[in-house]
Amino acid sequence: MLTDIHTHTPGRSDAMLSVEPPAVLSRDPMVGDTPFSLSLHPWHITESSISEFDEALALCSGSPMLMGIGECGLDSHCTTPLRLQVEAFVYSLAVAQRLKLMTIIHCVGHWAELQQCVRQVWKNGGACEAYVQGCPLVIHGFRKGPVLARQLVAQGFCLSLGEHFNPEVPGIVPPDRLFRESD
């Protein structure tokens, strides 16, 4: 049973480890014996990231330990061009949809673009449809306030809270859509 939806600390059976494709491709021992998600983090995206992600996915897609896709998303504070971030994020969402996995989403400043990407992949119902299909879209490390939390929850997103969060937010999110993380 997972009690921590997103961590970068290996070796915990109660937490989902965020793993970058190079760790899978190098057959890092931390991958494989604990729950993990495969990441296309906006900070690390290059022109070859999607092909590297595909290679890593081919190695681990049959593993019962692969429980999610991400950390992936959009970040207005990183140097990766937005077009590459959008391409990688849409690709991540489509892979999660195809494999019926949750998506761990990193979003800084690009909320409208994030929602547009989600609608592009989940055409009819956006995040609500993803949740109904068993592929929840989880905004990780949510630190914003109650207004954005209500908007995201109404659209069907799940929220994950780390060490720092607005104390009003937990009361807004339905318990089955609220997660904890140690990031």
# chains A, B, ... in the order shown; residues from 1 in each chain; ligands from 1

$ residues_around --residues "Ser18 in chain A" --least-positions-apart "4" --cutoff "8 Å" --atoms "only C-alpha atoms" --output "PDB file with N, CA and C atoms, in the first residue's frame"
ATOM      1  N   HIS A   6       4.835  10.261  -4.204  1.00  0.00           N
ATOM      2  CA  HIS A   6       5.928  10.808  -5.007  1.00  0.00           C
ATOM      3  C   HIS A   6       7.152  11.073  -4.135  1.00  0.00           C
ATOM      4  N   THR A   7       8.229  10.350  -4.448  1.00  0.00           N
ATOM      5  CA  THR A   7       9.480  10.556  -3.724  1.00  0.00           C
ATOM      6  C   THR A   7      10.649  10.410  -4.689  1.00  0.00           C
ATOM      7  N   HIS A   8      11.779  10.961  -4.270  1.00  0.00           N
ATOM      8  CA  HIS A   8      13.026  10.777  -5.012  1.00  0.00           C
ATOM      9  C   HIS A   8      14.007   9.973  -4.162  1.00  0.00           C
ATOM     10  N   PHE A  36       7.371   2.478  -8.733  1.00  0.00           N
ATOM     11  CA  PHE A  36       7.982   3.650  -9.346  1.00  0.00           C
ATOM     12  C   PHE A  36       7.115   4.220 -10.450  1.00  0.00           C
ATOM     13  N   SER A  37       7.431   5.465 -10.788  1.00  0.00           N
ATOM     14  CA  SER A  37       6.827   6.132 -11.941  1.00  0.00           C
ATOM     15  C   SER A  37       7.960   6.539 -12.867  1.00  0.00           C
ATOM     16  N   LEU A  38       7.700   6.488 -14.161  1.00  0.00           N
ATOM     17  CA  LEU A  38       8.705   6.837 -15.151  1.00  0.00           C
ATOM     18  C   LEU A  38       8.513   8.292 -15.558  1.00  0.00           C
ATOM     19  N   SER A  39       9.578   9.063 -15.453  1.00  0.00           N
ATOM     20  CA  SER A  39       9.506  10.512 -15.539  1.00  0.00           C
ATOM     21  C   SER A  39       9.981  11.087 -16.862  1.00  0.00           C
ATOM     22  N   GLY A  70       5.412   9.961 -14.861  1.00  0.00           N
ATOM     23  CA  GLY A  70       5.706  11.270 -14.308  1.00  0.00           C
ATOM     24  C   GLY A  70       6.701  11.181 -13.176  1.00  0.00           C
ATOM     25  N   GLU A  71       7.184  12.104 -12.957  1.00  0.00           N
ATOM     26  CA  GLU A  71       6.800  13.491 -12.900  1.00  0.00           C
ATOM     27  C   GLU A  71       6.981  14.082 -14.298  1.00  0.00           C
TER      28      GLU A  71
END

$ residues_around --residues "Cys60 in chain A" --least-positions-apart "2" --cutoff "10 Å" --atoms "only C-alpha atoms" --output "list in words"
Val24, Leu25, Val31, Gly32, Leu38, Asp54, Glu55, Ala56, Leu57, Ala58, Gly62, Ser63, Pro64, Met65 and Leu66 of chain A

$ atom_distance --atom1 "CA of Trp43 in chain A" --atom2 "CA of His140 in chain A"
15.1 Å

$ select_by_dssp --residues "range 60-132 of chain A" --states "helix (DSSP H, G or I)" --output "NGL selection string"
:A and (60 or 82-99 or 111-121 or 126-132)

$ write_last_selection --atoms "N, CA and C atoms" --output "CSV table (one decimal), in the first residue's frame"
chain,number,residue,atom,x,y,z
A,60,CYS,N,10.6,-1.6,-19.0
A,60,CYS,CA,9.9,-1.7,-17.7
A,60,CYS,C,8.3,-1.8,-17.8
A,82,LEU,N,9.2,25.8,-24.1
A,82,LEU,CA,7.8,25.4,-23.8
A,82,LEU,C,7.3,24.4,-24.8
A,83,ARG,N,7.6,24.5,-26.1
A,83,ARG,CA,7.2,23.6,-27.1
A,83,ARG,C,7.6,22.2,-26.8
A,84,LEU,N,8.9,22.0,-26.3
A,84,LEU,CA,9.4,20.7,-25.9
A,84,LEU,C,8.7,20.2,-24.7
A,85,GLN,N,8.4,21.1,-23.8
A,85,GLN,CA,7.7,20.7,-22.5
A,85,GLN,C,6.3,20.2,-22.9
A,86,VAL,N,5.6,20.9,-23.8
A,86,VAL,CA,4.2,20.5,-24.2
A,86,VAL,C,4.3,19.2,-24.9
A,87,GLU,N,5.2,19.0,-25.8
A,87,GLU,CA,5.3,17.8,-26.6
A,87,GLU,C,5.5,16.6,-25.6
A,88,ALA,N,6.4,16.7,-24.7
A,88,ALA,CA,6.7,15.6,-23.8
A,88,ALA,C,5.6,15.4,-22.8
A,89,PHE,N,4.9,16.4,-22.4
A,89,PHE,CA,3.8,16.3,-21.5
A,89,PHE,C,2.6,15.6,-22.2
A,90,VAL,N,2.3,16.0,-23.4
A,90,VAL,CA,1.2,15.4,-24.1
A,90,VAL,C,1.5,13.9,-24.4
A,91,TYR,N,2.8,13.6,-24.7
A,91,TYR,CA,3.2,12.2,-24.9
A,91,TYR,C,3.1,11.4,-23.6
A,92,SER,N,3.5,12.0,-22.5
A,92,SER,CA,3.4,11.3,-21.2
A,92,SER,C,1.9,11.0,-20.9
A,93,LEU,N,1.0,12.0,-21.1
A,93,LEU,CA,-0.4,11.7,-20.8
A,93,LEU,C,-0.9,10.6,-21.7
A,94,ALA,N,-0.5,10.6,-23.0
A,94,ALA,CA,-1.0,9.6,-23.9
A,94,ALA,C,-0.5,8.2,-23.5
A,95,VAL,N,0.7,8.1,-23.0
A,95,VAL,CA,1.3,6.8,-22.5
A,95,VAL,C,0.5,6.3,-21.3
A,96,ALA,N,0.3,7.2,-20.4
A,96,ALA,CA,-0.4,6.9,-19.1
A,96,ALA,C,-1.9,6.4,-19.5
A,97,GLN,N,-2.5,7.1,-20.4
A,97,GLN,CA,-3.8,6.7,-20.9
A,97,GLN,C,-3.8,5.3,-21.5
A,98,ARG,N,-2.8,5.0,-22.4
A,98,ARG,CA,-2.7,3.7,-23.0
A,98,ARG,C,-2.5,2.6,-22.0
A,99,LEU,N,-1.6,2.9,-21.1
A,99,LEU,CA,-1.2,1.8,-20.1
A,99,LEU,C,-2.1,1.8,-18.9
A,111,TRP,N,-0.8,26.9,-16.0
A,111,TRP,CA,-2.0,26.1,-15.6
A,111,TRP,C,-3.0,26.0,-16.8
A,112,ALA,N,-3.1,27.1,-17.6
A,112,ALA,CA,-4.0,27.1,-18.8
A,112,ALA,C,-3.5,26.1,-19.8
A,113,GLU,N,-2.2,26.1,-20.1
A,113,GLU,CA,-1.5,25.2,-21.0
A,113,GLU,C,-1.7,23.8,-20.6
A,114,LEU,N,-1.5,23.6,-19.3
A,114,LEU,CA,-1.6,22.2,-18.7
A,114,LEU,C,-3.0,21.7,-19.0
A,115,GLN,N,-4.1,22.5,-18.8
A,115,GLN,CA,-5.4,22.0,-19.0
A,115,GLN,C,-5.7,21.8,-20.5
A,116,GLN,N,-5.1,22.6,-21.3
A,116,GLN,CA,-5.2,22.4,-22.8
A,116,GLN,C,-4.6,21.1,-23.2
A,117,CYS,N,-3.4,20.7,-22.7
A,117,CYS,CA,-2.8,19.4,-23.0
A,117,CYS,C,-3.7,18.3,-22.5
A,118,VAL,N,-4.2,18.4,-21.3
A,118,VAL,CA,-5.1,17.3,-20.8
A,118,VAL,C,-6.3,17.1,-21.7
A,119,ARG,N,-6.9,18.2,-22.2
A,119,ARG,CA,-8.1,18.1,-23.1
A,119,ARG,C,-7.7,17.5,-24.4
A,120,GLN,N,-6.4,17.8,-24.8
A,120,GLN,CA,-6.0,17.2,-26.1
A,120,GLN,C,-5.9,15.7,-26.1
A,121,VAL,N,-5.5,15.2,-24.9
A,121,VAL,CA,-5.4,13.7,-24.8
A,121,VAL,C,-6.7,13.1,-24.3
A,126,GLY,N,-11.6,15.4,-20.2
A,126,GLY,CA,-10.4,15.9,-19.5
A,126,GLY,C,-10.1,15.1,-18.3
A,127,ALA,N,-9.7,15.7,-17.2
A,127,ALA,CA,-9.2,15.0,-16.0
A,127,ALA,C,-10.3,14.2,-15.4
A,128,CYS,N,-11.6,14.6,-15.5
A,128,CYS,CA,-12.7,13.8,-15.0
A,128,CYS,C,-12.7,12.4,-15.7
A,129,GLU,N,-12.6,12.4,-17.0
A,129,GLU,CA,-12.6,11.2,-17.7
A,129,GLU,C,-11.4,10.3,-17.3
A,130,ALA,N,-10.2,10.9,-17.2
A,130,ALA,CA,-9.0,10.2,-16.7
A,130,ALA,C,-9.3,9.5,-15.4
A,131,TYR,N,-9.9,10.2,-14.5
A,131,TYR,CA,-10.2,9.6,-13.2
A,131,TYR,C,-11.2,8.5,-13.3
A,132,VAL,N,-12.2,8.7,-14.0
A,132,VAL,CA,-13.2,7.6,-14.2
A,132,VAL,C,-12.6,6.4,-14.8

$ select_by_dssp --residues "chain A" --states "strand (DSSP E or B)" --output "PDB file with N, CA and C atoms, in the first residue's frame"
ATOM      1  N   ASP A   4       2.940   7.256   0.187  1.00  0.00           N
ATOM      2  CA  ASP A   4       3.684   8.399  -0.345  1.00  0.00           C
ATOM      3  C   ASP A   4       3.653   8.281  -1.871  1.00  0.00           C
ATOM      4  N   ILE A   5       2.942   9.188  -2.519  1.00  0.00           N
ATOM      5  CA  ILE A   5       2.693   9.088  -3.953  1.00  0.00           C
ATOM      6  C   ILE A   5       3.864   9.552  -4.813  1.00  0.00           C
ATOM      7  N   HIS A   6       4.835  10.261  -4.204  1.00  0.00           N
ATOM      8  CA  HIS A   6       5.928  10.808  -5.007  1.00  0.00           C
ATOM      9  C   HIS A   6       7.152  11.073  -4.135  1.00  0.00           C
ATOM     10  N   THR A   7       8.229  10.350  -4.448  1.00  0.00           N
ATOM     11  CA  THR A   7       9.480  10.556  -3.724  1.00  0.00           C
ATOM     12  C   THR A   7      10.649  10.410  -4.689  1.00  0.00           C
ATOM     13  N   ALA A  15       6.346   3.926  -0.937  1.00  0.00           N
ATOM     14  CA  ALA A  15       6.382   5.165  -1.713  1.00  0.00           C
ATOM     15  C   ALA A  15       6.630   4.874  -3.180  1.00  0.00           C
ATOM     16  N   MET A  16       6.085   5.747  -4.047  1.00  0.00           N
ATOM     17  CA  MET A  16       6.330   5.620  -5.474  1.00  0.00           C
ATOM     18  C   MET A  16       7.532   6.501  -5.823  1.00  0.00           C
ATOM     19  N   LEU A  17       8.589   5.859  -6.270  1.00  0.00           N
ATOM     20  CA  LEU A  17       9.841   6.518  -6.618  1.00  0.00           C
ATOM     21  C   LEU A  17       9.742   7.105  -8.020  1.00  0.00           C
ATOM     22  N   SER A  18      10.081   8.381  -8.170  1.00  0.00           N
ATOM     23  CA  SER A  18      10.127   9.004  -9.494  1.00  0.00           C
ATOM     24  C   SER A  18      11.472   8.656 -10.124  1.00  0.00           C
ATOM     25  N   VAL A  19      11.423   8.011 -11.297  1.00  0.00           N
ATOM     26  CA  VAL A  19      12.633   7.492 -11.939  1.00  0.00           C
ATOM     27  C   VAL A  19      12.773   8.101 -13.331  1.00  0.00           C
ATOM     28  N   PHE A  36       7.371   2.478  -8.733  1.00  0.00           N
ATOM     29  CA  PHE A  36       7.982   3.650  -9.346  1.00  0.00           C
ATOM     30  C   PHE A  36       7.115   4.220 -10.450  1.00  0.00           C
ATOM     31  N   SER A  37       7.431   5.465 -10.788  1.00  0.00           N
ATOM     32  CA  SER A  37       6.827   6.132 -11.941  1.00  0.00           C
ATOM     33  C   SER A  37       7.960   6.539 -12.867  1.00  0.00           C
ATOM     34  N   LEU A  38       7.700   6.488 -14.161  1.00  0.00           N
ATOM     35  CA  LEU A  38       8.705   6.837 -15.151  1.00  0.00           C
ATOM     36  C   LEU A  38       8.513   8.292 -15.558  1.00  0.00           C
ATOM     37  N   SER A  39       9.578   9.063 -15.453  1.00  0.00           N
ATOM     38  CA  SER A  39       9.506  10.512 -15.539  1.00  0.00           C
ATOM     39  C   SER A  39       9.981  11.087 -16.862  1.00  0.00           C
ATOM     40  N   LEU A  40       9.311  12.164 -17.277  1.00  0.00           N
ATOM     41  CA  LEU A  40       9.770  13.045 -18.359  1.00  0.00           C
ATOM     42  C   LEU A  40       9.691  14.466 -17.788  1.00  0.00           C
ATOM     43  N   LEU A  66       5.804  -0.675 -12.008  1.00  0.00           N
ATOM     44  CA  LEU A  66       5.545   0.566 -12.737  1.00  0.00           C
ATOM     45  C   LEU A  66       4.099   0.963 -12.456  1.00  0.00           C
ATOM     46  N   MET A  67       3.936   2.013 -11.659  1.00  0.00           N
ATOM     47  CA  MET A  67       2.604   2.402 -11.203  1.00  0.00           C
ATOM     48  C   MET A  67       2.145   3.751 -11.739  1.00  0.00           C
ATOM     49  N   GLY A  68       3.044   4.471 -12.406  1.00  0.00           N
ATOM     50  CA  GLY A  68       2.643   5.784 -12.896  1.00  0.00           C
ATOM     51  C   GLY A  68       3.595   6.319 -13.941  1.00  0.00           C
ATOM     52  N   ILE A  69       3.161   7.390 -14.570  1.00  0.00           N
ATOM     53  CA  ILE A  69       3.989   8.139 -15.505  1.00  0.00           C
ATOM     54  C   ILE A  69       4.181   9.520 -14.890  1.00  0.00           C
ATOM     55  N   GLY A  70       5.412   9.961 -14.861  1.00  0.00           N
ATOM     56  CA  GLY A  70       5.706  11.270 -14.308  1.00  0.00           C
ATOM     57  C   GLY A  70       6.701  11.181 -13.176  1.00  0.00           C
ATOM     58  N   GLU A  71       7.184  12.104 -12.957  1.00  0.00           N
ATOM     59  CA  GLU A  71       6.800  13.491 -12.900  1.00  0.00           C
ATOM     60  C   GLU A  71       6.981  14.082 -14.298  1.00  0.00           C
ATOM     61  N   CYS A  72       5.919  14.652 -14.783  1.00  0.00           N
ATOM     62  CA  CYS A  72       5.935  15.277 -16.097  1.00  0.00           C
ATOM     63  C   CYS A  72       5.059  16.524 -16.017  1.00  0.00           C
ATOM     64  N   GLY A  73       5.216  17.414 -16.976  1.00  0.00           N
ATOM     65  CA  GLY A  73       4.371  18.596 -16.952  1.00  0.00           C
ATOM     66  C   GLY A  73       5.020  19.807 -17.565  1.00  0.00           C
ATOM     67  N   LEU A  74       4.683  20.960 -17.017  1.00  0.00           N
ATOM     68  CA  LEU A  74       5.090  22.245 -17.568  1.00  0.00           C
ATOM     69  C   LEU A  74       5.628  23.144 -16.456  1.00  0.00           C
ATOM     70  N   ASP A  75       6.694  23.894 -16.778  1.00  0.00           N
ATOM     71  CA  ASP A  75       7.321  24.749 -15.766  1.00  0.00           C
ATOM     72  C   ASP A  75       7.785  26.055 -16.420  1.00  0.00           C
ATOM     73  N   MET A 102      -1.636   6.124 -13.479  1.00  0.00           N
ATOM     74  CA  MET A 102      -1.783   7.496 -13.011  1.00  0.00           C
ATOM     75  C   MET A 102      -0.658   8.351 -13.578  1.00  0.00           C
ATOM     76  N   THR A 103      -0.899   9.662 -13.615  1.00  0.00           N
ATOM     77  CA  THR A 103       0.103  10.614 -14.084  1.00  0.00           C
ATOM     78  C   THR A 103       0.440  11.557 -12.939  1.00  0.00           C
ATOM     79  N   ILE A 104       1.716  11.670 -12.633  1.00  0.00           N
ATOM     80  CA  ILE A 104       2.197  12.592 -11.603  1.00  0.00           C
ATOM     81  C   ILE A 104       2.633  13.864 -12.337  1.00  0.00           C
ATOM     82  N   ILE A 105       1.908  14.958 -12.084  1.00  0.00           N
ATOM     83  CA  ILE A 105       2.080  16.188 -12.864  1.00  0.00           C
ATOM     84  C   ILE A 105       2.810  17.270 -12.078  1.00  0.00           C
ATOM     85  N   HIS A 106       3.821  17.824 -12.719  1.00  0.00           N
ATOM     86  CA  HIS A 106       4.576  18.975 -12.214  1.00  0.00           C
ATOM     87  C   HIS A 106       4.069  20.193 -12.979  1.00  0.00           C
ATOM     88  N   CYS A 107       3.570  21.203 -12.279  1.00  0.00           N
ATOM     89  CA  CYS A 107       3.117  22.411 -12.968  1.00  0.00           C
ATOM     90  C   CYS A 107       3.541  23.650 -12.203  1.00  0.00           C
ATOM     91  N   VAL A 108       4.270  24.513 -12.878  1.00  0.00           N
ATOM     92  CA  VAL A 108       4.645  25.816 -12.335  1.00  0.00           C
ATOM     93  C   VAL A 108       4.272  26.852 -13.384  1.00  0.00           C
ATOM     94  N   LEU A 137      -5.082  11.956 -12.720  1.00  0.00           N
ATOM     95  CA  LEU A 137      -4.082  12.974 -13.001  1.00  0.00           C
ATOM     96  C   LEU A 137      -3.817  13.698 -11.687  1.00  0.00           C
ATOM     97  N   VAL A 138      -2.627  13.511 -11.143  1.00  0.00           N
ATOM     98  CA  VAL A 138      -2.286  14.012  -9.813  1.00  0.00           C
ATOM     99  C   VAL A 138      -1.342  15.206  -9.928  1.00  0.00           C
ATOM    100  N   ILE A 139      -1.786  16.370  -9.458  1.00  0.00           N
ATOM    101  CA  ILE A 139      -0.922  17.539  -9.405  1.00  0.00           C
ATOM    102  C   ILE A 139      -0.038  17.363  -8.170  1.00  0.00           C
ATOM    103  N   CYS A 158      -6.599  15.252  -9.180  1.00  0.00           N
ATOM    104  CA  CYS A 158      -6.265  14.887  -7.816  1.00  0.00           C
ATOM    105  C   CYS A 158      -5.119  15.805  -7.395  1.00  0.00           C
ATOM    106  N   LEU A 159      -4.959  16.007  -6.084  1.00  0.00           N
ATOM    107  CA  LEU A 159      -3.876  16.845  -5.581  1.00  0.00           C
ATOM    108  C   LEU A 159      -3.032  16.058  -4.599  1.00  0.00           C
ATOM    109  N   SER A 160      -1.737  16.305  -4.647  1.00  0.00           N
ATOM    110  CA  SER A 160      -0.801  15.679  -3.723  1.00  0.00           C
ATOM    111  C   SER A 160      -0.109  16.790  -2.945  1.00  0.00           C
ATOM    112  N   LEU A 161      -0.057  16.624  -1.643  1.00  0.00           N
ATOM    113  CA  LEU A 161       0.526  17.638  -0.774  1.00  0.00           C
ATOM    114  C   LEU A 161       1.814  17.131  -0.145  1.00  0.00           C
ATOM    115  N   LEU A 178      -7.039  12.998  -2.720  1.00  0.00           N
ATOM    116  CA  LEU A 178      -5.996  13.719  -1.984  1.00  0.00           C
ATOM    117  C   LEU A 178      -4.884  12.741  -1.635  1.00  0.00           C
ATOM    118  N   PHE A 179      -3.658  13.090  -2.017  1.00  0.00           N
ATOM    119  CA  PHE A 179      -2.491  12.229  -1.782  1.00  0.00           C
ATOM    120  C   PHE A 179      -1.448  12.966  -0.971  1.00  0.00           C
ATOM    121  N   ARG A 180      -0.539  12.203  -0.398  1.00  0.00           N
ATOM    122  CA  ARG A 180       0.586  12.728   0.352  1.00  0.00           C
ATOM    123  C   ARG A 180       1.859  12.350  -0.367  1.00  0.00           C
TER     124      ARG A 180
END

$ closest_residue --among "A:Trp122, A:Arg143, A:Ser13, A:Leu101" --to "Ser61 in chain A" --atoms "only C-alpha atoms"
A:Leu101

$ atom_distance --atom1 "CA of Ala149 in chain A" --atom2 "CA of Gly109 in chain A"
14.2 Å

$ atom_distance --atom1 "CA of Glu163 in chain A" --atom2 "CA of Asp176 in chain A"
19.5 Å

$ decode --residues "range 21-53 of chain A" --atoms "C-alpha atoms" --output "tab-separated table (two decimals), in the first residue's frame"
chain	number	residue	atom	x	y	z
A	21	PRO	CA	14.79	7.06	-18.10
A	22	PRO	CA	18.63	6.93	-17.72
A	23	ALA	CA	18.21	5.01	-14.45
A	24	VAL	CA	16.07	2.39	-16.20
A	25	LEU	CA	18.37	2.20	-19.21
A	26	SER	CA	21.46	1.72	-17.03
A	27	ARG	CA	19.58	-0.98	-15.12
A	28	ASP	CA	20.05	0.89	-11.86
A	29	PRO	CA	19.25	-1.56	-9.02
A	30	MET	CA	16.90	0.98	-7.40
A	31	VAL	CA	14.46	0.36	-10.27
A	32	GLY	CA	12.47	-2.81	-10.19
A	33	ASP	CA	11.97	-3.82	-6.58
A	34	THR	CA	9.98	-0.79	-5.39
A	35	PRO	CA	6.94	0.99	-6.84
A	36	PHE	CA	7.98	3.65	-9.35
A	37	SER	CA	6.83	6.13	-11.94
A	38	LEU	CA	8.71	6.84	-15.15
A	39	SER	CA	9.51	10.51	-15.54
A	40	LEU	CA	9.77	13.04	-18.36
A	41	HIS	CA	10.46	16.01	-16.05
A	42	PRO	CA	10.27	19.40	-17.79
A	43	TRP	CA	13.65	20.45	-16.36
A	44	HIS	CA	15.45	17.59	-18.13
A	45	ILE	CA	13.74	17.44	-21.53
A	46	THR	CA	15.86	17.52	-24.67
A	47	GLU	CA	15.14	16.74	-28.32
A	48	SER	CA	15.91	13.05	-27.64
A	49	SER	CA	13.96	12.67	-24.38
A	50	ILE	CA	10.90	10.99	-25.87
A	51	SER	CA	12.92	8.32	-27.66
A	52	GLU	CA	14.94	7.70	-24.48
A	53	PHE	CA	11.67	7.50	-22.52
